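**Q** I'd like to ask you about the structure that follows.
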Amino acid sequence: MTVPLSPVLQNQGVYPFVRLHQAAARVAADGVEIIDFGAGDPRGEAEPFIQEALTRALRETSGYPLAQGLPELREAIARWCARRFGAEIDPDTQVIPTLGSKEAIFSFAQVMLDPGSGRDTVVVTEPGYPVPERGARFAGATVEQLPLRAPEFLPDLDEIAEETWERVAVLWLNYPNNPTGAVAPMELYERLASLARERGFVLASDEAYSELWFDEPPASALELADLRNVAVFNTLSKRSSMTGYRSGFVAGDPEIVSALRLFRPSIGTAPQDFVQRASIAAWNDEAHVERNRDRYRRRRELLLDLFARKGLRLAGSRATMYLWVEVPDGETSEGFADRLLERGIVVAPGSYLGESGEGYVRFALVPDDDACRRAAGILEELL
């Protein structure tokens with residue numbers, strides 16, 4: 001006798017980065033040192049002042065965290081949005097804390113889908129972070145993939161058919177982009193927000209990498225003059241290297257935030273109060289974010305110099321912790337990744353992140369400086 005399983009789950013296969021971890025474990029078992037550029041998980045501890053805020057709050061915490069989050073955290077997020085983007089966000093009606101951004105992104109289609117009215121479709125860009133698509137499919141949505149076109153890695157909205165526009169409930173953007181490192185112009189947000197209001201769908205903007213930039217701060221949907229039909233997702237995971245804390249937010253249209261406040265108590269997803277207290281400290285400080293950017297800049301420059309000398313072509317890669325690299329002529333994404341893995345260098349094949357990712361690999365600049373230097377020496381011999 002077998003247990004019944006969701007057909008969506010059965011058809012999804014192994015999560016891409018679980019596959020990477022399994023492959024790396026097999027190589028490590030043979031005694032090869034692993035230097036892991038595969039998953040975008042910042043290494044190292046959170047800043048001491050964040051840890052201290054966490055431990056102080058531990059003594060004060062009791063009871064379940066409320067789904068709407070602490071008022072002080074919502075206020076800290078609203079202040080940060082104002083400082084960073086010039087956005088006037090009402091902390092009581094336009095922001096809700098989340099357990100990182102992954103769970104909020106995954107569950108968002110459950111809140112916004114309305115199949116009875118014909119709004120049964122979610123549009124996602126590819127190559128891309130797999131969670132918006134996976135969450136949409138579990139919610140019963142029809143998913144339409146919109147390829148990102150090189151060299152800018154922006155979506156061509158004219159590729160969306162009229163019948164699709166009529167059924168769209170949510171359209172996802174992700175800039176600065178994972179995996180390509182591309183950034184989007186403000187004009188893209190303006191056009192899509194206008195279309196969202198005109199056609200009655202939600203523009204969902206995943207901006208997890210908004211603070212990892214090297215030339216100039218990237219645009220945000222929070223800079224729009226009109227946030228109706230707009231939901232922006234952000235997180236402390238990348239900005240503050242707080243992946244294990246699981247703390248983020250959704251901000252934007254008050255109607256969308258109101259719907260999330262109604263939905264989220266049912267699934268119990270709010271950071272613990274002591275994590276929220278640590279998050280307040282993190283959102284209130286920019287100096288540690290600048291130090292974080294400097295770390296990624298050092299690692300980036302080391303590998304960019306190597307790639308230039310070895311003739312590996314860089315694509316996108318204007319922001320984020322990622323380098324989106326074209327594979328050598330005659331090789332596939334997975335084949336090139338396997339060749340690097342034999343020497344202990346783990347990278348993500350672009351094909352793991354969508355059909356349009358074939359021909360690229362993604363380096364996540366998360367190993368420390370010493371590991372990056374060791375990796376550069378290995379790559380110097382190998383390429």
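Residues are named by chain letter and number: chains run A, B, ... in the order of the structure tokens, numbers start at 1 in each chain, and ligands are numbered from 1 in the order shown.
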Would you mind listing, for every residue of stretch 25-122 of chain A within 10 Å of stretch 318-340 of chain A, the two atoms forming the shortest contact and the distance between them in Å to one decimal, using only C-alpha atoms, sorted by chain and ascending residue number, as a tab-separated table?
**A**
residue	atom	partner	partner_atom	distance
A:Phe37	CA	A:Tyr322	CA	9.0
A:Gly38	CA	A:Tyr322	CA	9.7
A:Ala39	CA	A:Tyr322	CA	9.8
A:Gly40	CA	A:Met321	CA	7.4
A:Asp41	CA	A:Met321	CA	9.6
A:Pro42	CA	A:Met321	CA	9.0
**Q** Report as a list in words all protein, DNA and RNA residues lying within 8 Å of A:Asn174, evaluated on only C-alpha atoms, omitting residues in the same chain fewer than 6 positions from it.
**A**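 Listing them by chain and then by number gives Ser205, Asp206 and Glu207 of chain A.
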**Q** Output the selection as an mmCIF file, in the first residue's frame - N, CA and C atoms for each residue.
**A**
data_model
loop_
_atom_site.group_PDB
_atom_site.id
_atom_site.type_symbol
_atom_site.label_atom_id
_atom_site.label_comp_id
_atom_site.auth_asym_id
_atom_site.auth_seq_id
_atom_site.Cartn_x
_atom_site.Cartn_y
_atom_site.Cartn_z
ATOM 1 N N SER A 205 7.869 41.783 -7.089
ATOM 2 C CA SER A 205 9.278 42.078 -7.337
ATOM 3 C C SER A 205 10.137 41.514 -6.218
ATOM 4 N N ASP A 206 10.919 40.487 -6.545
ATOM 5 C CA ASP A 206 11.852 39.866 -5.603
ATOM 6 C C ASP A 206 13.156 40.651 -5.671
ATOM 7 N N GLU A 207 13.471 41.376 -4.580
ATOM 8 C CA GLU A 207 14.629 42.266 -4.575
ATOM 9 C C GLU A 207 15.637 41.865 -3.501
#
**Q** Restricting the calculation to only C-alpha atoms, which member of A:Glu342, A:Glu380, A:Asp158, A:Glu163 is positioned closest to A:Asp120?
**A**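 Nearest candidate to A:Asp120 out of A:Glu342, A:Glu380, A:Asp158, A:Glu163: A:Glu163.
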**Q** Determine which residues of stretch 205-251 of chain A receive a DSSP assignment of strand (DSSP E or B), computed from the backbone, and state them as a ChimeraX atom specification.
**A** /A:205-206,213,230-235,248-251
**Q** Next, dump the selected residues to file, keeping only C-alpha atoms, as a tab-separated table (two decimals), in the first residue's frame.
**A**
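Listed below is the output, again09.tsv:
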chain	number	residue	atom	x	y	z
A	205	SER	CA	9.28	42.08	-7.34
A	206	ASP	CA	11.85	39.87	-5.60
A	213	TRP	CA	25.90	46.28	-6.05
A	230	VAL	CA	2.76	46.09	-6.53
A	231	ALA	CA	4.36	43.81	-3.92
A	232	VAL	CA	8.09	44.03	-3.15
A	233	PHE	CA	9.93	41.21	-1.36
A	234	ASN	CA	13.23	41.78	0.41
A	235	THR	CA	15.31	40.03	3.05
A	248	GLY	CA	12.48	39.55	5.45
A	249	PHE	CA	9.43	41.56	4.46
A	250	VAL	CA	6.78	42.28	1.86
A	251	ALA	CA	5.89	45.92	1.19
**Q** Which of these, A:Ala281, A:Met186, A:Leu353, A:Ala46, has the shortest distance to A:Ser240 once you count only C-alpha atoms?
**A** A:Ala46
**Q** List the spatial neighbours of stretch 283-289 of chain A as a PyMOL selection string - criterion: any atom at most 10 Å away, only C-alpha atoms, same-chain residues fewer than 4 positions off excluded.
**A** chain A and resi 46-47+49-50+73+75-81+84+211-212+235-236+238-241+278-279+293-295
**Q** Ranking A:Gly354, A:Pro71, A:Pro218, A:Pro65 by minimum distance to A:Leu146 and counting only C-alpha atoms, which one comes first?
**A** A:Gly354
**Q** Go through A:Ala87, A:Val275, A:Val124, A:Ala208 and flag the residue nearest A:Asn178, using only C-alpha atoms for the distances.
**A**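 Checking each candidate against A:Asn178, we get A:Ala208 as the closest.
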**Q** Which residues, written as a PyMOL selection string, have at least one atom at most 12 Å from stretch 149-154 of chain A, with only C-alpha atoms counted and residues fewer than 5 positions away on the same chain left out?
**A** chain A and resi 125-128+159+173-185+187-189+313-318+324+326+355-357+359-360
**Q** Store the residues picked out above, limited to N, CA and C atoms, as an mmCIF file, in the first residue's frame.
**A**
data_model
loop_
_atom_site.group_PDB
_atom_site.id
_atom_site.type_symbol
_atom_site.label_atom_id
_atom_site.label_comp_id
_atom_site.auth_asym_id
_atom_site.auth_seq_id
_atom_site.Cartn_x
_atom_site.Cartn_y
_atom_site.Cartn_z
ATOM 1 N N THR A 125 10.135 34.637 -14.837
ATOM 2 C CA THR A 125 11.231 34.777 -15.792
ATOM 3 C C THR A 125 12.193 33.605 -15.631
ATOM 4 N N GLU A 126 12.836 33.273 -16.757
ATOM 5 C CA GLU A 126 13.834 32.207 -16.688
ATOM 6 C C GLU A 126 14.995 32.513 -17.620
ATOM 7 N N PRO A 127 16.237 32.119 -17.233
ATOM 8 C CA PRO A 127 16.568 31.341 -16.045
ATOM 9 C C PRO A 127 16.275 32.129 -14.782
ATOM 10 N N GLY A 128 16.048 31.394 -13.696
ATOM 11 C CA GLY A 128 15.695 32.106 -12.489
ATOM 12 C C GLY A 128 15.603 31.218 -11.268
ATOM 13 N N GLU A 159 6.429 39.267 -25.861
ATOM 14 C CA GLU A 159 6.310 37.827 -26.085
ATOM 15 C C GLU A 159 5.110 37.226 -25.357
ATOM 16 N N LEU A 173 9.159 39.608 -11.184
ATOM 17 C CA LEU A 173 10.466 40.113 -11.584
ATOM 18 C C LEU A 173 11.455 39.799 -10.472
ATOM 19 N N ASN A 174 12.728 39.733 -10.824
ATOM 20 C CA ASN A 174 13.789 39.529 -9.831
ATOM 21 C C ASN A 174 15.025 40.297 -10.299
ATOM 22 N N TYR A 175 15.173 41.498 -9.764
ATOM 23 C CA TYR A 175 16.351 42.323 -10.063
ATOM 24 C C TYR A 175 16.795 43.023 -8.788
ATOM 25 N N PRO A 176 18.148 43.133 -8.601
ATOM 26 C CA PRO A 176 19.205 42.479 -9.364
ATOM 27 C C PRO A 176 18.943 40.982 -9.459
ATOM 28 N N ASN A 177 19.294 40.413 -10.622
ATOM 29 C CA ASN A 177 18.770 39.112 -10.989
ATOM 30 C C ASN A 177 19.638 37.957 -10.514
ATOM 31 N N ASN A 178 18.959 36.950 -10.022
ATOM 32 C CA ASN A 178 19.539 35.637 -9.775
ATOM 33 C C ASN A 178 19.010 34.713 -10.876
ATOM 34 N N PRO A 179 19.865 34.179 -11.749
ATOM 35 C CA PRO A 179 21.310 34.000 -11.590
ATOM 36 C C PRO A 179 22.198 34.944 -12.378
ATOM 37 N N THR A 180 21.657 35.820 -13.229
ATOM 38 C CA THR A 180 22.477 36.502 -14.225
ATOM 39 C C THR A 180 23.229 37.712 -13.684
ATOM 40 N N GLY A 181 22.829 38.232 -12.515
ATOM 41 C CA GLY A 181 23.461 39.433 -12.001
ATOM 42 C C GLY A 181 23.062 40.698 -12.736
ATOM 43 N N ALA A 182 22.069 40.626 -13.626
ATOM 44 C CA ALA A 182 21.627 41.796 -14.381
ATOM 45 C C ALA A 182 20.821 42.732 -13.485
ATOM 46 N N VAL A 183 20.741 43.998 -13.903
ATOM 47 C CA VAL A 183 19.885 44.969 -13.219
ATOM 48 C C VAL A 183 18.849 45.478 -14.209
ATOM 49 N N ALA A 184 17.756 45.999 -13.681
ATOM 50 C CA ALA A 184 16.640 46.458 -14.528
ATOM 51 C C ALA A 184 16.517 47.968 -14.466
ATOM 52 N N PRO A 185 16.138 48.591 -15.569
ATOM 53 C CA PRO A 185 15.894 50.037 -15.548
ATOM 54 C C PRO A 185 14.558 50.353 -14.887
ATOM 55 N N GLU A 187 12.314 52.073 -16.000
ATOM 56 C CA GLU A 187 11.253 52.038 -17.005
ATOM 57 C C GLU A 187 10.535 50.699 -17.038
ATOM 58 N N LEU A 188 11.250 49.609 -16.752
ATOM 59 C CA LEU A 188 10.604 48.287 -16.754
ATOM 60 C C LEU A 188 9.571 48.203 -15.625
ATOM 61 N N TYR A 189 9.949 48.677 -14.425
ATOM 62 C CA TYR A 189 9.000 48.668 -13.312
ATOM 63 C C TYR A 189 7.795 49.557 -13.623
ATOM 64 N N ARG A 313 34.078 34.378 -20.932
ATOM 65 C CA ARG A 313 33.284 35.577 -21.136
ATOM 66 C C ARG A 313 32.248 35.734 -20.024
ATOM 67 N N LEU A 314 32.214 36.938 -19.470
ATOM 68 C CA LEU A 314 31.251 37.262 -18.426
ATOM 69 C C LEU A 314 30.006 37.860 -19.066
ATOM 70 N N ALA A 315 28.836 37.459 -18.578
ATOM 71 C CA ALA A 315 27.573 38.019 -19.062
ATOM 72 C C ALA A 315 26.836 38.600 -17.864
ATOM 73 N N GLY A 316 25.979 39.589 -18.095
ATOM 74 C CA GLY A 316 25.237 40.179 -16.974
ATOM 75 C C GLY A 316 26.190 40.643 -15.892
ATOM 76 N N SER A 317 25.983 40.108 -14.687
ATOM 77 C CA SER A 317 26.952 40.225 -13.582
ATOM 78 C C SER A 317 27.254 41.653 -13.158
ATOM 79 N N ARG A 318 26.284 42.537 -13.229
ATOM 80 C CA ARG A 318 26.499 43.912 -12.786
ATOM 81 C C ARG A 318 26.266 44.080 -11.292
ATOM 82 N N TRP A 324 27.899 35.368 -13.722
ATOM 83 C CA TRP A 324 27.218 34.556 -14.733
ATOM 84 C C TRP A 324 28.189 34.432 -15.902
ATOM 85 N N GLU A 326 29.875 32.518 -19.321
ATOM 86 C CA GLU A 326 29.664 31.651 -20.476
ATOM 87 C C GLU A 326 30.650 30.494 -20.433
ATOM 88 N N GLU A 355 15.831 26.646 -19.062
ATOM 89 C CA GLU A 355 16.359 26.306 -20.382
ATOM 90 C C GLU A 355 17.265 27.401 -20.934
ATOM 91 N N SER A 356 16.922 28.658 -20.685
ATOM 92 C CA SER A 356 17.730 29.760 -21.203
ATOM 93 C C SER A 356 19.068 29.883 -20.484
ATOM 94 N N GLY A 357 19.254 29.115 -19.420
ATOM 95 C CA GLY A 357 20.527 29.136 -18.712
ATOM 96 C C GLY A 357 21.569 28.225 -19.313
ATOM 97 N N GLY A 359 24.485 27.001 -21.443
ATOM 98 C CA GLY A 359 25.600 27.767 -21.981
ATOM 99 C C GLY A 359 26.278 28.655 -20.949
ATOM 100 N N TYR A 360 25.783 28.618 -19.698
ATOM 101 C CA TYR A 360 26.360 29.441 -18.635
ATOM 102 C C TYR A 360 26.546 28.594 -17.373
#
**Q** Find the residue from A:Leu148, A:Phe106, A:Ile345, A:Ala204 that sits nearest to A:Ser220; use only C-alpha atoms when measuring.
**A**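 Result for the nearest residue to A:Ser220: A:Ala204.
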